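Peer 1: Got a structure for you, coords-v7.pdb, holding PDB, C-alpha atoms, pLDDT in the B column.
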ATOM      1  CA  MET A   1      62.345 113.419  -8.897  1.00 66.00           C
ATOM      2  CA  VAL A   2      62.903 111.626  -5.844  1.00 63.00           C
ATOM      3  CA  GLY A   3      61.040 108.762  -7.339  1.00 66.00           C
ATOM      4  CA  ALA A   4      63.181 108.944 -10.379  1.00 70.00           C
ATOM      5  CA  ASP A   5      66.217 109.176  -8.235  1.00 73.00           C
ATOM      6  CA  VAL A   6      65.079 106.243  -6.156  1.00 72.00           C
ATOM      7  CA  GLY A   7      64.302 104.301  -9.335  1.00 72.00           C
ATOM      8  CA  SER A   8      67.638 105.196 -10.753  1.00 77.00           C
ATOM      9  CA  LEU A   9      69.255 104.312  -7.466  1.00 75.00           C
ATOM     10  CA  ALA A  10      67.332 101.091  -7.361  1.00 76.00           C
ATOM     11  CA  LEU A  11      68.483 100.277 -10.896  1.00 78.00           C
ATOM     12  CA  GLU A  12      71.979 101.250  -9.978  1.00 78.00           C
ATOM     13  CA  SER A  13      71.705  99.202  -6.816  1.00 80.00           C
ATOM     14  CA  LYS A  14      70.520  96.182  -8.842  1.00 81.00           C
ATOM     15  CA  ALA A  15      73.305  96.734 -11.318  1.00 80.00           C
ATOM     16  CA  LEU A  16      75.757  96.996  -8.464  1.00 79.00           C
ATOM     17  CA  GLN A  17      74.313  93.898  -6.813  1.00 83.00           C
ATOM     18  CA  SER A  18      74.481  92.095 -10.109  1.00 82.00           C
ATOM     19  CA  ARG A  19      78.071  93.219 -10.521  1.00 80.00           C
ATOM     20  CA  LEU A  20      78.762  92.270  -6.952  1.00 80.00           C
ATOM     21  CA  ALA A  21      77.242  88.858  -7.533  1.00 80.00           C
ATOM     22  CA  GLU A  22      79.338  88.459 -10.670  1.00 82.00           C
ATOM     23  CA  GLN A  23      82.426  89.599  -8.821  1.00 82.00           C
ATOM     24  CA  GLN A  24      81.585  87.268  -5.952  1.00 80.00           C
ATOM     25  CA  GLN A  25      81.112  84.421  -8.436  1.00 84.00           C
ATOM     26  CA  ARG A  26      84.314  85.363 -10.209  1.00 82.00           C
ATOM     27  CA  HIS A  27      86.013  85.698  -6.845  1.00 82.00           C
ATOM     28  CA  ALA A  28      84.591  82.339  -5.747  1.00 80.00           C
ATOM     29  CA  ARG A  29      85.699  80.844  -9.067  1.00 81.00           C
ATOM     30  CA  GLU A  30      89.149  82.430  -8.709  1.00 80.00           C
ATOM     31  CA  MET A  31      89.290  81.285  -5.106  1.00 83.00           C
ATOM     32  CA  SER A  32      88.257  77.827  -6.211  1.00 82.00           C
ATOM     33  CA  GLU A  33      90.883  77.884  -8.950  1.00 85.00           C
ATOM     34  CA  ALA A  34      93.434  79.284  -6.524  1.00 80.00           C
ATOM     35  CA  THR A  35      92.485  76.593  -3.980  1.00 83.00           C
ATOM     36  CA  ALA A  36      92.719  73.943  -6.688  1.00 84.00           C
ATOM     37  CA  GLU A  37      96.059  75.398  -7.776  1.00 85.00           C
ATOM     38  CA  LEU A  38      97.154  75.454  -4.149  1.00 85.00           C
ATOM     39  CA  GLN A  39      96.057  71.810  -3.797  1.00 90.00           C
ATOM     40  CA  ARG A  40      97.958  70.862  -6.970  1.00 90.00           C
ATOM     41  CA  THR A  41     100.969  72.812  -5.751  1.00 89.00           C
ATOM     42  CA  ARG A  42     100.762  71.094  -2.344  1.00 88.00           C
ATOM     43  CA  GLN A  43     100.423  67.745  -4.110  1.00 92.00           C
ATOM     44  CA  GLU A  44     103.414  68.567  -6.290  1.00 89.00           C
ATOM     45  CA  LEU A  45     105.262  69.707  -3.180  1.00 87.00           C
ATOM     46  CA  ASP A  46     104.392  66.415  -1.457  1.00 90.00           C
ATOM     47  CA  ASP A  47     105.461  64.538  -4.565  1.00 90.00           C
ATOM     48  CA  LEU A  48     108.679  66.551  -4.674  1.00 86.00           C
ATOM     49  CA  ARG A  49     109.272  65.851  -0.976  1.00 87.00           C
ATOM     50  CA  GLN A  50     108.690  62.141  -1.545  1.00 90.00           C
ATOM     51  CA  HIS A  51     110.977  62.282  -4.547  1.00 85.00           C
ATOM     52  CA  LEU A  52     113.526  64.171  -2.439  1.00 86.00           C
ATOM     53  CA  ASP A  53     113.227  61.581   0.336  1.00 88.00           C
ATOM     54  CA  LYS A  54     113.653  58.785  -2.203  1.00 87.00           C
ATOM     55  CA  SER A  55     116.614  60.633  -3.720  1.00 86.00           C
ATOM     56  CA  LEU A  56     118.144  61.129  -0.279  1.00 86.00           C
ATOM     57  CA  GLU A  57     117.626  57.446   0.542  1.00 89.00           C
ATOM     58  CA  GLU A  58     119.075  56.492  -2.832  1.00 86.00           C
ATOM     59  CA  ASN A  59     121.957  58.915  -2.251  1.00 86.00           C
ATOM     60  CA  SER A  60     122.565  57.384   1.169  1.00 88.00           C
ATOM     61  CA  SER A  61     122.353  53.916  -0.332  1.00 87.00           C
ATOM     62  CA  LEU A  62     124.742  54.921  -3.120  1.00 83.00           C
ATOM     63  CA  LYS A  63     127.147  56.445  -0.578  1.00 88.00           C
ATOM     64  CA  SER A  64     127.030  53.220   1.388  1.00 89.00           C
ATOM     65  CA  LEU A  65     127.551  51.243  -1.812  1.00 84.00           C
ATOM     66  CA  LEU A  66     130.410  53.560  -2.754  1.00 83.00           C
ATOM     67  CA  LEU A  67     132.063  53.020   0.628  1.00 86.00           C
ATOM     68  CA  SER A  68     131.545  49.309   0.251  1.00 85.00           C
ATOM     69  CA  MET A  69     132.999  49.414  -3.251  1.00 80.00           C
ATOM     70  CA  LYS A  70     135.949  51.453  -1.992  1.00 80.00           C
ATOM     71  CA  LYS A  71     136.536  48.843   0.699  1.00 82.00           C
ATOM     72  CA  GLU A  72     136.279  46.099  -1.911  1.00 77.00           C
ATOM     73  CA  VAL A  73     138.675  48.004  -4.153  1.00 74.00           C
ATOM     74  CA  LYS A  74     141.031  48.425  -1.216  1.00 76.00           C
ATOM     75  CA  SER A  75     140.614  44.741  -0.444  1.00 73.00           C
ATOM     76  CA  ALA A  76     141.117  43.942  -4.105  1.00 70.00           C
ATOM     77  CA  ASP A  77     144.130  46.267  -4.163  1.00 71.00           C
ATOM     78  CA  THR A  78     145.321  44.660  -0.957  1.00 75.00           C
ATOM     79  CA  ALA A  79     144.666  41.244  -2.442  1.00 73.00           C
ATOM     80  CA  ALA A  80     146.429  42.265  -5.639  1.00 76.00           C
ATOM     81  CA  THR A  81     149.276  43.705  -3.589  1.00 78.00           C
ATOM     82  CA  LEU A  82     149.386  40.540  -1.508  1.00 77.00           C
ATOM     83  CA  ASN A  83     149.351  38.454  -4.681  1.00 81.00           C
ATOM     84  CA  LEU A  84     152.235  40.514  -6.026  1.00 82.00           C
ATOM     85  CA  GLN A  85     154.070  40.161  -2.723  1.00 84.00           C
ATOM     86  CA  ILE A  86     153.392  36.421  -2.691  1.00 86.00           C
ATOM     87  CA  ALA A  87     154.618  36.133  -6.280  1.00 88.00           C
ATOM     88  CA  GLY A  88     157.716  38.127  -5.336  1.00 88.00           C
ATOM     89  CA  LEU A  89     158.297  35.972  -2.274  1.00 84.00           C
ATOM     90  CA  GLN A  90     157.842  32.801  -4.321  1.00 90.00           C
ATOM     91  CA  THR A  91     160.420  34.089  -6.785  1.00 91.00           C
ATOM     92  CA  SER A  92     162.746  34.863  -3.880  1.00 89.00           C
ATOM     93  CA  VAL A  93     162.171  31.387  -2.434  1.00 89.00           C
ATOM     94  CA  LYS A  94     162.998  29.791  -5.803  1.00 91.00           C
ATOM     95  CA  ARG A  95     166.123  31.929  -6.080  1.00 90.00           C
ATOM     96  CA  LEU A  96     167.134  31.052  -2.522  1.00 87.00           C
ATOM     97  CA  CYS A  97     166.495  27.346  -3.212  1.00 90.00           C
ATOM     98  CA  GLY A  98     168.809  27.642  -6.210  1.00 92.00           C
ATOM     99  CA  GLU A  99     171.400  29.367  -4.067  1.00 89.00           C
ATOM    100  CA  ILE A 100     171.035  26.665  -1.404  1.00 92.00           C
ATOM    101  CA  VAL A 101     171.608  23.933  -4.000  1.00 90.00           C
ATOM    102  CA  GLU A 102     174.624  25.849  -5.286  1.00 91.00           C
ATOM    103  CA  LEU A 103     175.947  26.332  -1.739  1.00 88.00           C
ATOM    104  CA  LYS A 104     175.459  22.615  -1.004  1.00 89.00           C
ATOM    105  CA  GLN A 105     177.491  21.816  -4.108  1.00 92.00           C
ATOM    106  CA  HIS A 106     180.166  24.257  -2.960  1.00 85.00           C
ATOM    107  CA  LEU A 107     180.078  22.670   0.480  1.00 85.00           C
ATOM    108  CA  GLU A 108     180.479  19.163  -1.003  1.00 90.00           C
ATOM    109  CA  HIS A 109     183.330  20.486  -3.138  1.00 86.00           C
ATOM    110  CA  TYR A 110     184.859  22.106  -0.057  1.00 82.00           C
ATOM    111  CA  ASP A 111     184.498  18.825   1.886  1.00 88.00           C
ATOM    112  CA  LYS A 112     186.279  16.969  -0.940  1.00 88.00           C
ATOM    113  CA  ILE A 113     189.028  19.589  -0.941  1.00 88.00           C
ATOM    114  CA  GLN A 114     189.290  19.201   2.846  1.00 88.00           C
ATOM    115  CA  GLU A 115     189.610  15.420   2.442  1.00 89.00           C
ATOM    116  CA  LEU A 116     192.234  15.838  -0.278  1.00 84.00           C
ATOM    117  CA  THR A 117     194.076  18.388   1.849  1.00 86.00           C
ATOM    118  CA  GLN A 118     194.041  16.011   4.797  1.00 89.00           C
ATOM    119  CA  MET A 119     195.252  13.152   2.579  1.00 86.00           C
ATOM    120  CA  LEU A 120     198.009  15.375   1.197  1.00 82.00           C
ATOM    121  CA  GLN A 121     198.988  16.451   4.711  1.00 85.00           C
ATOM    122  CA  GLU A 122     199.115  12.826   5.841  1.00 85.00           C
ATOM    123  CA  SER A 123     201.048  11.887   2.706  1.00 84.00           C
ATOM    124  CA  HIS A 124     203.407  14.811   3.307  1.00 80.00           C
ATOM    125  CA  SER A 125     203.881  13.782   6.949  1.00 83.00           C
ATOM    126  CA  SER A 126     204.557  10.228   5.808  1.00 85.00           C
ATOM    127  CA  LEU A 127     207.015  11.445   3.163  1.00 81.00           C
ATOM    128  CA  VAL A 128     208.751  13.707   5.687  1.00 81.00           C
ATOM    129  CA  SER A 129     208.969  10.807   8.147  1.00 85.00           C
ATOM    130  CA  THR A 130     210.259   8.469   5.424  1.00 86.00           C
ATOM    131  CA  ASN A 131     212.716  11.127   4.272  1.00 80.00           C
ATOM    132  CA  GLU A 132     213.989  11.608   7.821  1.00 85.00           C
ATOM    133  CA  HIS A 133     214.331   7.834   8.213  1.00 85.00           C
ATOM    134  CA  LEU A 134     216.175   7.584   4.871  1.00 84.00           C
ATOM    135  CA  LEU A 135     218.430  10.503   5.861  1.00 85.00           C
ATOM    136  CA  GLN A 136     219.265   8.691   9.119  1.00 89.00           C
ATOM    137  CA  GLU A 137     219.991   5.498   7.186  1.00 87.00           C
ATOM    138  CA  LEU A 138     222.090   7.465   4.687  1.00 83.00           C
ATOM    139  CA  SER A 139     223.948   9.077   7.575  1.00 87.00           C
ATOM    140  CA  GLN A 140     224.591   5.662   9.062  1.00 91.00           C
ATOM    141  CA  VAL A 141     225.694   4.266   5.677  1.00 89.00           C
ATOM    142  CA  ARG A 142     228.021   7.289   5.204  1.00 89.00           C
ATOM    143  CA  ALA A 143     229.452   6.813   8.663  1.00 89.00           C
ATOM    144  CA  GLN A 144     229.898   3.115   7.978  1.00 93.00           C
ATOM    145  CA  HIS A 145     231.423   3.861   4.545  1.00 91.00           C
ATOM    146  CA  ARG A 146     233.752   6.431   6.120  1.00 92.00           C
ATOM    147  CA  ALA A 147     234.789   3.857   8.710  1.00 92.00           C
ATOM    148  CA  GLU A 148     235.366   1.272   5.961  1.00 91.00           C
ATOM    149  CA  VAL A 149     237.360   3.792   3.886  1.00 92.00           C
ATOM    150  CA  GLU A 150     239.418   4.674   6.955  1.00 94.00           C
ATOM    151  CA  GLN A 151     239.839   0.962   7.611  1.00 95.00           C
ATOM    152  CA  MET A 152     240.979   0.458   4.014  1.00 93.00           C
ATOM    153  CA  HIS A 153     243.416   3.369   4.270  1.00 95.00           C
ATOM    154  CA  TRP A 154     244.795   1.988   7.484  1.00 96.00           C
ATOM    155  CA  SER A 155     245.051  -1.470   5.931  1.00 95.00           C
ATOM    156  CA  TYR A 156     246.751   0.011   2.887  1.00 95.00           C
ATOM    157  CA  GLN A 157     249.181   1.905   5.093  1.00 96.00           C
ATOM    158  CA  GLU A 158     249.879  -1.268   7.028  1.00 94.00           C
ATOM    159  CA  LEU A 159     250.342  -3.185   3.778  1.00 94.00           C
ATOM    160  CA  LYS A 160     252.789  -0.538   2.591  1.00 93.00           C
ATOM    161  CA  LYS A 161     254.696  -0.776   5.828  1.00 93.00           C
ATOM    162  CA  THR A 162     254.744  -4.520   5.567  1.00 92.00           C
ATOM    163  CA  MET A 163     255.880  -4.381   1.951  1.00 93.00           C
ATOM    164  CA  ALA A 164     258.608  -1.966   2.824  1.00 91.00           C
ATOM    165  CA  LEU A 165     260.050  -4.570   5.166  1.00 91.00           C
ATOM    166  CA  PHE A 166     260.506  -7.073   2.359  1.00 86.00           C
ATOM    167  CA  PRO A 167     263.166  -6.612  -0.245  1.00 77.00           C
ATOM    168  CA  HIS A 168     262.336  -5.559  -3.780  1.00 70.00           C
ATOM    169  CA  SER A 169     263.390  -8.729  -5.279  1.00 55.00           C
ATOM    170  CA  SER A 170     260.367 -10.641  -4.093  1.00 50.00           C
ATOM    171  CA  THR A 171     258.165  -7.949  -5.500  1.00 50.00           C
ATOM    172  CA  SER A 172     259.816  -8.094  -8.849  1.00 50.00           C
ATOM    173  CA  GLN A 173     259.450 -11.805  -9.053  1.00 51.00           C
ATOM    174  CA  GLY A 174     255.762 -11.768  -9.103  1.00 51.00           C
ATOM    175  CA  GLY A 175     254.530 -10.746  -5.741  1.00 50.00           C
ATOM    176  CA  CYS A 176     253.131  -7.478  -6.983  1.00 50.00           C
ATOM    177  CA  GLN A 177     252.184  -8.287 -10.514  1.00 50.00           C
ATOM    178  CA  ALA A 178     248.623  -8.680  -9.548  1.00 48.00           C
ATOM    179  CA  CYS A 179     248.674  -5.236  -7.903  1.00 46.00           C
TER     180      CYS A 179
END
Would you put the structure from the file into structure tokens?
Peer 2:
Amino acid sequence: MVGADVGSLALESKALQSRLAEQQQRHAREMSEATAELQRTRQELDDLRQHLDKSLEENSSLKSLLLSMKKEVKSADTAATLNLQIAGLQTSVKRLCGEIVELKQHLEHYDKIQELTQMLQESHSSLVSTNEHLLQELSQVRAQHRAEVEQMHWSYQELKKTMALFPHSSTSQGGCQAC
């Protein structure tokens, strides 16, 4: 029985060894598959890291490009703003040039009015001076006329006195017919 037990144990041992060998092979195969899977996963991880690095570089590059574009937009906005300001200033300059021309015309007109005013003042002064001179002459002529009238009155009075000395008969005969 011992022999049978040993035989049965030997068979069982062989079966167990065979199972162990199969399990070791399966384990080796699974380990190999797991190692291969691990290698693929590491490779994918490396690929993902490279892709991540490329994405980060691209992101950095895009950020830099975005900043550059923002600066260009600001410059373009600044340029557009400057262009608008320049256009506005040019419009203001044109308007001011028009106002200057208008003011020059007003100034010329004012100068002409000044000249006319001066001429009128001189003419007025001349007329006042002439008027004063004529008034003096008129005064003198009036005084002279008054003196002549007084002289005529005196002469008439003297003539009357002289005529009163002569009798009426000579007057009736023709002395006063002409009077």
Peer 1: Just the number, please: distance in Å from atom CA of Gln25 of chain A to atom CA of Arg42 of chain A, one decimal.
Peer 2: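 According to the coordinates, atom CA of Gln25 of chain A and atom CA of Arg42 of chain A are separated by 24.5 Å.
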Peer 1: Have a look at atom CA of Leu66 of chain A and atom CA of Thr78 of chain A and let me know their distance in Å, one decimal.
Peer 2: 17.5 Å
Peer 1: Rounded to one decimal, what separation in Å do you get between atom CA of Ala164 of chain A and atom CA of Val149 of chain A?
Peer 2: 22.0 Å
